[in-house]
There are 2 protein chains.
Amino acid sequence: VYKERNLIAHIRRLAFASAVKSVAQGIGDDCAILRPAPGYELLITTDLFVENVHFRPAWHPAASVGHRCLTRGLSDIAAMGGEPLACFLSLGLPEDSSQTEVTQKQVTQKWINGFLKGLLSLAKRHKVQLAGGDISSARQVTADIVVIGQTPAGKAILRSGASPGNRIYVTGALGGSAAILKQLYAGKPIKPTRSNTHFYPVPRLEVGAWLRKRATAMIDLSDGLSVDLAHICKESQVAALITAKLIPIAKGANLELALHGGEDYELLFTAPRRTKIPGQIAGVKITEIGEIRNPADYSSAIQILGQNGKAKPLAQRGWEHFRKKR
Amino acid sequence: VYKERNLIAHIRRLAFASAVKSVAQGIGDDCAILRPAPGYELLITTDLFVENVHFRPAWHPAASVGHRCLTRGLSDIAAMGGEPLACFLSLGLPEDSSQTEVTQKQVTQKWINGFLKGLLSLAKRHKVQLAGGDISSARQVTADIVVIGQTPAGKAILRSGASPGNRIYVTGALGGSAAILKQLYAGKPIKPTRSNTHFYPVPRLEVGAWLRKRATAMIDLSDGLSVDLAHICKESQVAALITAKLIPIAKGANLELALHGGEDYELLFTAPRRTKIPGQIAGVKITEIGEIRNPADYSSAIQILGQNGKAKPLAQRGWEHFRKKR
């Protein structure tokens, strides 16, 4: 299907089109060299993106797979309030169709080109250089995306900074990605348009950077609100109370999907009560959904105030991707 | 076989034992945070390590697989003259034995622990912190290792710095890893002792750091001498003449394996004729094997001077890992 050296040469040509200043050496040596701005520190995140676990060739066009793969990394940089600089792609590809587990479609050179196009056009939009990576044969398409970003030293927003009394906010609307996935599981044909945020999610980099001076804790919603809020509570050693009717639900979704559906890549953050958080940042809606509480007052980390006015513990049901056996 | 959250918690505990100063934030947030020393720049390398491509469970004990996986990354840092700081591990693991392609042995919790032990004991020896990663289910064991290192700004040794007249050197002896692999292919049982450099290769970090002020170009011998020297010639736009009888051949190997066998993880470097290179650096033997030439004088990039006193072109035969169909 592919020749490793040709593919590397091809990727190297594509990658050079988006060369950025802080990358002193990109593809073509034993290591890439990054020169962060003085007084800055580096953010590093790695995410695996595996065929039939994180995407399905029958459902997701190649460009959507590349876009979603890089979004996972960029969204992690956004959640620290950082600015992305460079990415690295390690790609395991089936060598021939008899070895691959891709049952619906074959991984062809055309598929690989579509994947790279989806990934690199998102990279270009955010001035991120593809600075290295690796290629190997593998039984299924396996992409590991590494994204490197920067923030002024000591200024990254961690999960561990939330205090009792802080307000809890989310960007955008939730559950939209899971709603589409549910339809795909049910066998409904969904047109993968560019505006569909399941296929082409938008990493909230501008919002994240704006919040760097205001938020006390932040995380991106990749696993789902219930799980990701639990991460903030655990790392900050706090509890949280959220209000069901305040949660912004995406079109086509419901409260269940908004609470537990993953891959929306919106931001969840906390800020002191007195910090003014506008209703919109960089064109993205911001919604207050609850408050950080003292953990001593609660039997479980997260309580949700229902329509009936009663609070009850919120289970962490998390996102199981495509783990169901086919 | 494994519970993702339990495994992450387990790895986090193991990783904290080797905490290093330049890692401001390790596992447990959206990104890791690295604080390079002032005046330094960062080196980044990623390498895929895939079951039945780069290792075989029947041949390689789990600890050897973890050790070899990290060695690939550390060796890339050594080849730039760098000092390693942190690593990131993305790990795809079969969820149950019916899904895995591991035919010889099953990937069990014990196997995973052995793999981590092999990787982390090498990391500890070189003061490298495991600072993050990702876990996913996959059809075969797939590890992507990212290693981050540093060098004083502008001082990394690239592949592109060789000039005509420079002498060509290698560390250690070559072909030893391929000789073992050949025996494994032939069905010979080999005891995977700690001193066997196929199973436990030694990344040449001390030698690489020592050479930072002396070498003009450097690469690690992962693909094999013929291919890796061609990389230096291509990036430096030079030709090379090496002498067959000068090449240091490992015990059990021959000239063929020394020229084309991969995964020795020795260093190949060039230095000006007048630079004094000792016969031993940090306890490792250094051998001069040839000279960089003007490319205009040669029809092919690399010529080898044989026992008969005649020079002929050296083909790049490169290392095909375990690509043969089983």
# chains A, B, ... in the order shown; residues from 1 in each chain; ligands from 1
call {"tool": "select_by_dssp", "arguments": {"residues": "segment 89-264 of chain A", "states": "strand (DSSP E)", "output": "PDB file with C-alpha atoms, in the first residue's frame"}}
result
ATOM      1  CA  LEU A  89       2.768  12.027  14.331  1.00  0.00           C
ATOM      2  CA  SER A  90       3.595   8.353  14.841  1.00  0.00           C
ATOM      3  CA  LEU A  91       1.599   6.316  12.387  1.00  0.00           C
ATOM      4  CA  GLY A  92       1.090   2.571  12.296  1.00  0.00           C
ATOM      5  CA  LEU A  93      -0.386   1.497   8.954  1.00  0.00           C
ATOM      6  CA  GLN A 129       4.284  22.692  12.458  1.00  0.00           C
ATOM      7  CA  LEU A 130       4.452  18.934  11.923  1.00  0.00           C
ATOM      8  CA  ALA A 131       8.022  18.566  13.187  1.00  0.00           C
ATOM      9  CA  GLY A 132       8.564  14.808  13.301  1.00  0.00           C
ATOM     10  CA  GLY A 133       7.174  11.361  13.939  1.00  0.00           C
ATOM     11  CA  ASP A 134       7.603   7.750  12.949  1.00  0.00           C
ATOM     12  CA  ILE A 135       6.012   5.192  10.628  1.00  0.00           C
ATOM     13  CA  SER A 136       5.610   1.461  11.112  1.00  0.00           C
ATOM     14  CA  SER A 137       3.508  -1.335   9.783  1.00  0.00           C
ATOM     15  CA  THR A 142      -2.811   3.571  14.864  1.00  0.00           C
ATOM     16  CA  ALA A 143      -1.908   7.239  15.227  1.00  0.00           C
ATOM     17  CA  ASP A 144      -0.131   8.707  18.226  1.00  0.00           C
ATOM     18  CA  ILE A 145      -0.298  12.480  18.115  1.00  0.00           C
ATOM     19  CA  VAL A 146       2.091  14.552  20.220  1.00  0.00           C
ATOM     20  CA  VAL A 147       1.432  18.276  20.528  1.00  0.00           C
ATOM     21  CA  ILE A 148       3.893  20.713  22.057  1.00  0.00           C
ATOM     22  CA  GLY A 149       2.790  24.154  23.184  1.00  0.00           C
ATOM     23  CA  GLN A 150       3.993  26.934  25.415  1.00  0.00           C
ATOM     24  CA  THR A 151       2.790  29.232  28.203  1.00  0.00           C
ATOM     25  CA  PRO A 152       4.595  31.924  30.181  1.00  0.00           C
ATOM     26  CA  ARG A 167     -17.913  29.043  39.921  1.00  0.00           C
ATOM     27  CA  ILE A 168     -17.932  26.248  37.336  1.00  0.00           C
ATOM     28  CA  TYR A 169     -18.280  27.096  33.642  1.00  0.00           C
ATOM     29  CA  VAL A 170     -18.365  25.307  30.291  1.00  0.00           C
ATOM     30  CA  THR A 171     -17.848  26.582  26.760  1.00  0.00           C
ATOM     31  CA  ALA A 217      -8.610  25.178  37.041  1.00  0.00           C
ATOM     32  CA  MET A 218      -9.361  23.897  33.549  1.00  0.00           C
ATOM     33  CA  ILE A 219      -9.781  20.632  31.614  1.00  0.00           C
ATOM     34  CA  ASP A 220     -11.082  19.795  28.150  1.00  0.00           C
ATOM     35  CA  ALA A 239     -16.371  18.709  45.642  1.00  0.00           C
ATOM     36  CA  ALA A 240     -18.755  20.210  43.080  1.00  0.00           C
ATOM     37  CA  LEU A 241     -22.453  21.007  42.810  1.00  0.00           C
ATOM     38  CA  ILE A 242     -23.853  21.466  39.332  1.00  0.00           C
ATOM     39  CA  THR A 243     -27.403  22.361  38.311  1.00  0.00           C
TER      40      THR A 243
END
call {"tool": "closest_atom_pairs", "arguments": {"of": "chain A", "to": "chain B", "cutoff": "8 Å", "atoms": "only C-alpha atoms", "output": "CSV"}}
result
residue,atom,partner,partner_atom,distance
A:Gly28,CA,B:Glu235,CA,7.9
A:Asp29,CA,B:Arg159,CA,6.1
A:Asp30,CA,B:Asp76,CA,5.1
A:Cys31,CA,B:Thr45,CA,4.7
A:Ala32,CA,B:Ile44,CA,5.1
A:Ile33,CA,B:Leu43,CA,4.7
A:Leu34,CA,B:Leu42,CA,5.0
A:Arg35,CA,B:Glu41,CA,5.0
A:Pro36,CA,B:Glu41,CA,7.2
A:Pro38,CA,B:Pro38,CA,7.7
A:Tyr40,CA,B:Arg35,CA,7.9
A:Glu41,CA,B:Arg35,CA,5.0
A:Leu42,CA,B:Leu34,CA,5.1
A:Leu43,CA,B:Ile33,CA,4.7
A:Ile44,CA,B:Ala32,CA,5.1
A:Thr45,CA,B:Cys31,CA,4.8
A:Thr46,CA,B:Gly133,CA,5.5
A:Asp47,CA,B:Asp134,CA,5.6
A:Leu48,CA,B:Asp134,CA,6.2
A:Val50,CA,B:Ala138,CA,7.0
A:Val53,CA,B:Ser137,CA,7.1
A:Asp76,CA,B:Asp30,CA,5.1
A:Ile77,CA,B:Cys31,CA,6.8
A:Ala79,CA,B:Asp30,CA,6.7
A:Met80,CA,B:Asp30,CA,6.9
A:Phe88,CA,B:Thr46,CA,7.4
A:Ser90,CA,B:Leu48,CA,6.5
A:Leu91,CA,B:Leu48,CA,7.8
A:Gly92,CA,B:Leu48,CA,7.8
A:Gly132,CA,B:Thr45,CA,7.3
A:Gly133,CA,B:Thr46,CA,5.5
A:Asp134,CA,B:Asp47,CA,5.6
A:Ile135,CA,B:Leu48,CA,7.0
A:Ser136,CA,B:Leu48,CA,6.7
A:Ser137,CA,B:Val53,CA,7.1
A:Ala138,CA,B:Val50,CA,7.0
A:Arg139,CA,B:Arg139,CA,6.9
A:Gln140,CA,B:Arg139,CA,7.2
A:Asp144,CA,B:Asp144,CA,6.9
A:Ala153,CA,B:Arg35,CA,7.7
A:Leu158,CA,B:Asp29,CA,6.5
A:Arg159,CA,B:Asp29,CA,6.1
A:Ile219,CA,B:Asp30,CA,6.6
A:Asp220,CA,B:Asp30,CA,7.7
A:Glu235,CA,B:Gly28,CA,7.9
call {"tool": "select_by_dssp", "arguments": {"residues": "segment 42-217 of chain A", "states": "helix (DSSP H, G or I)", "output": "NGL selection string"}}
result
:A and (62-78 or 109-125 or 159-161 or 176-185 or 205-211)
call {"tool": "write_last_selection", "arguments": {"atoms": "C-alpha atoms", "output": "mmCIF file, in the first residue's frame"}}
result
data_model
loop_
_atom_site.group_PDB
_atom_site.id
_atom_site.type_symbol
_atom_site.label_atom_id
_atom_site.label_comp_id
_atom_site.auth_asym_id
_atom_site.auth_seq_id
_atom_site.Cartn_x
_atom_site.Cartn_y
_atom_site.Cartn_z
ATOM 1 C CA ALA A 62 -10.120 10.123 6.238
ATOM 2 C CA ALA A 63 -9.960 13.931 6.560
ATOM 3 C CA SER A 64 -12.234 13.783 9.626
ATOM 4 C CA VAL A 65 -9.971 11.144 11.224
ATOM 5 C CA GLY A 66 -6.898 13.372 10.729
ATOM 6 C CA HIS A 67 -8.765 16.417 12.011
ATOM 7 C CA ARG A 68 -10.111 14.633 15.097
ATOM 8 C CA CYS A 69 -6.699 13.118 15.839
ATOM 9 C CA LEU A 70 -4.970 16.515 16.019
ATOM 10 C CA THR A 71 -7.936 18.099 17.811
ATOM 11 C CA ARG A 72 -7.387 15.744 20.770
ATOM 12 C CA GLY A 73 -3.889 17.170 21.236
ATOM 13 C CA LEU A 74 -4.721 20.818 20.508
ATOM 14 C CA SER A 75 -7.614 20.632 22.951
ATOM 15 C CA ASP A 76 -5.221 19.520 25.711
ATOM 16 C CA ILE A 77 -3.029 22.550 24.986
ATOM 17 C CA ALA A 78 -6.147 24.790 25.085
ATOM 18 C CA GLN A 109 -2.644 5.797 -0.349
ATOM 19 C CA LYS A 110 -5.728 7.933 -1.005
ATOM 20 C CA TRP A 111 -6.928 7.303 2.548
ATOM 21 C CA ILE A 112 -3.533 8.257 3.975
ATOM 22 C CA ASN A 113 -3.466 11.450 1.885
ATOM 23 C CA GLY A 114 -6.953 12.369 3.103
ATOM 24 C CA PHE A 115 -5.921 11.729 6.707
ATOM 25 C CA LEU A 116 -2.817 13.939 6.326
ATOM 26 C CA LYS A 117 -4.824 16.662 4.599
ATOM 27 C CA GLY A 118 -7.361 16.748 7.457
ATOM 28 C CA LEU A 119 -4.615 16.842 10.069
ATOM 29 C CA LEU A 120 -2.378 19.367 8.318
ATOM 30 C CA SER A 121 -5.097 21.819 7.342
ATOM 31 C CA LEU A 122 -6.094 22.051 11.023
ATOM 32 C CA ALA A 123 -2.397 22.380 11.940
ATOM 33 C CA LYS A 124 -1.968 25.224 9.451
ATOM 34 C CA ARG A 125 -5.027 27.056 10.787
ATOM 35 C CA ARG A 159 -6.668 20.753 37.073
ATOM 36 C CA SER A 160 -5.592 21.235 40.657
ATOM 37 C CA GLY A 161 -6.354 24.939 41.199
ATOM 38 C CA GLY A 176 -23.505 16.889 20.355
ATOM 39 C CA SER A 177 -20.702 14.503 19.464
ATOM 40 C CA ALA A 178 -22.250 11.630 21.428
ATOM 41 C CA ALA A 179 -25.641 12.289 19.821
ATOM 42 C CA ILE A 180 -24.144 11.781 16.360
ATOM 43 C CA LEU A 181 -22.283 8.684 17.528
ATOM 44 C CA LYS A 182 -25.513 7.232 18.876
ATOM 45 C CA GLN A 183 -27.104 7.701 15.479
ATOM 46 C CA LEU A 184 -24.107 6.063 13.770
ATOM 47 C CA TYR A 185 -24.401 3.093 16.117
ATOM 48 C CA LEU A 205 -7.528 27.503 21.750
ATOM 49 C CA GLU A 206 -8.541 31.181 21.734
ATOM 50 C CA VAL A 207 -10.896 30.718 24.667
ATOM 51 C CA GLY A 208 -8.256 28.762 26.595
ATOM 52 C CA ALA A 209 -5.612 31.437 26.017
ATOM 53 C CA TRP A 210 -8.046 34.195 27.078
ATOM 54 C CA LEU A 211 -8.821 32.296 30.281
#
call {"tool": "residues_around", "arguments": {"residues": "Val238 of chain A", "least_positions_apart": "3", "cutoff": "9 Å", "atoms": "only C-alpha atoms", "output": "number ranges by chain"}}
result
A: 162-164, 232-235, 292-296, 301
call {"tool": "atom_distance", "arguments": {"atom1": "atom CA of Phe199 of chain A", "atom2": "atom CA of Arg56 of chain A"}}
result
11.4 Å
call {"tool": "residues_around", "arguments": {"residues": "His260 of chain B", "least_positions_apart": "2", "cutoff": "7 Å", "atoms": "only C-alpha atoms", "output": "ChimeraX atom specification"}}
result
/B:224-226,256-258,262,317-319
call {"tool": "write_last_selection", "arguments": {"atoms": "N, CA, C and O atoms", "output": "mmCIF file, in the first residue's frame"}}
result
data_model
loop_
_atom_site.group_PDB
_atom_site.id
_atom_site.type_symbol
_atom_site.label_atom_id
_atom_site.label_comp_id
_atom_site.auth_asym_id
_atom_site.auth_seq_id
_atom_site.Cartn_x
_atom_site.Cartn_y
_atom_site.Cartn_z
ATOM 1 N N GLY B 224 21.207 0.621 10.417
ATOM 2 C CA GLY B 224 22.383 -0.069 9.865
ATOM 3 C C GLY B 224 23.341 0.942 9.270
ATOM 4 O O GLY B 224 22.929 1.998 8.792
ATOM 5 N N LEU B 225 24.623 0.615 9.273
ATOM 6 C CA LEU B 225 25.660 1.552 8.828
ATOM 7 C C LEU B 225 25.425 2.081 7.414
ATOM 8 O O LEU B 225 25.538 3.281 7.156
ATOM 9 N N SER B 226 25.097 1.195 6.474
ATOM 10 C CA SER B 226 24.968 1.633 5.073
ATOM 11 C C SER B 226 23.845 2.658 4.914
ATOM 12 O O SER B 226 23.993 3.646 4.195
ATOM 13 N N GLU B 256 29.048 -8.313 6.533
ATOM 14 C CA GLU B 256 27.710 -8.098 5.982
ATOM 15 C C GLU B 256 26.740 -7.550 7.056
ATOM 16 O O GLU B 256 26.042 -6.561 6.843
ATOM 17 N N LEU B 257 26.727 -8.222 8.197
ATOM 18 C CA LEU B 257 25.836 -7.802 9.288
ATOM 19 C C LEU B 257 26.282 -6.458 9.865
ATOM 20 O O LEU B 257 25.462 -5.632 10.259
ATOM 21 N N ALA B 258 27.603 -6.240 9.912
ATOM 22 C CA ALA B 258 28.115 -4.965 10.440
ATOM 23 C C ALA B 258 27.744 -3.804 9.513
ATOM 24 O O ALA B 258 27.510 -2.687 9.968
ATOM 25 N N GLY B 262 20.802 -3.702 11.648
ATOM 26 C CA GLY B 262 20.357 -2.536 12.413
ATOM 27 C C GLY B 262 20.341 -2.771 13.902
ATOM 28 O O GLY B 262 20.786 -3.819 14.397
ATOM 29 N N ARG B 317 21.122 -1.302 2.118
ATOM 30 C CA ARG B 317 20.173 -2.415 2.194
ATOM 31 C C ARG B 317 19.244 -2.347 3.392
ATOM 32 O O ARG B 317 18.213 -2.985 3.396
ATOM 33 N N GLY B 318 19.652 -1.574 4.365
ATOM 34 C CA GLY B 318 18.734 -1.222 5.452
ATOM 35 C C GLY B 318 18.111 -2.401 6.165
ATOM 36 O O GLY B 318 18.136 -3.534 5.703
ATOM 37 N N TRP B 319 17.552 -2.040 7.215
ATOM 38 C CA TRP B 319 17.064 -2.997 8.147
ATOM 39 C C TRP B 319 15.579 -3.199 7.973
ATOM 40 O O TRP B 319 14.817 -2.257 8.033
#
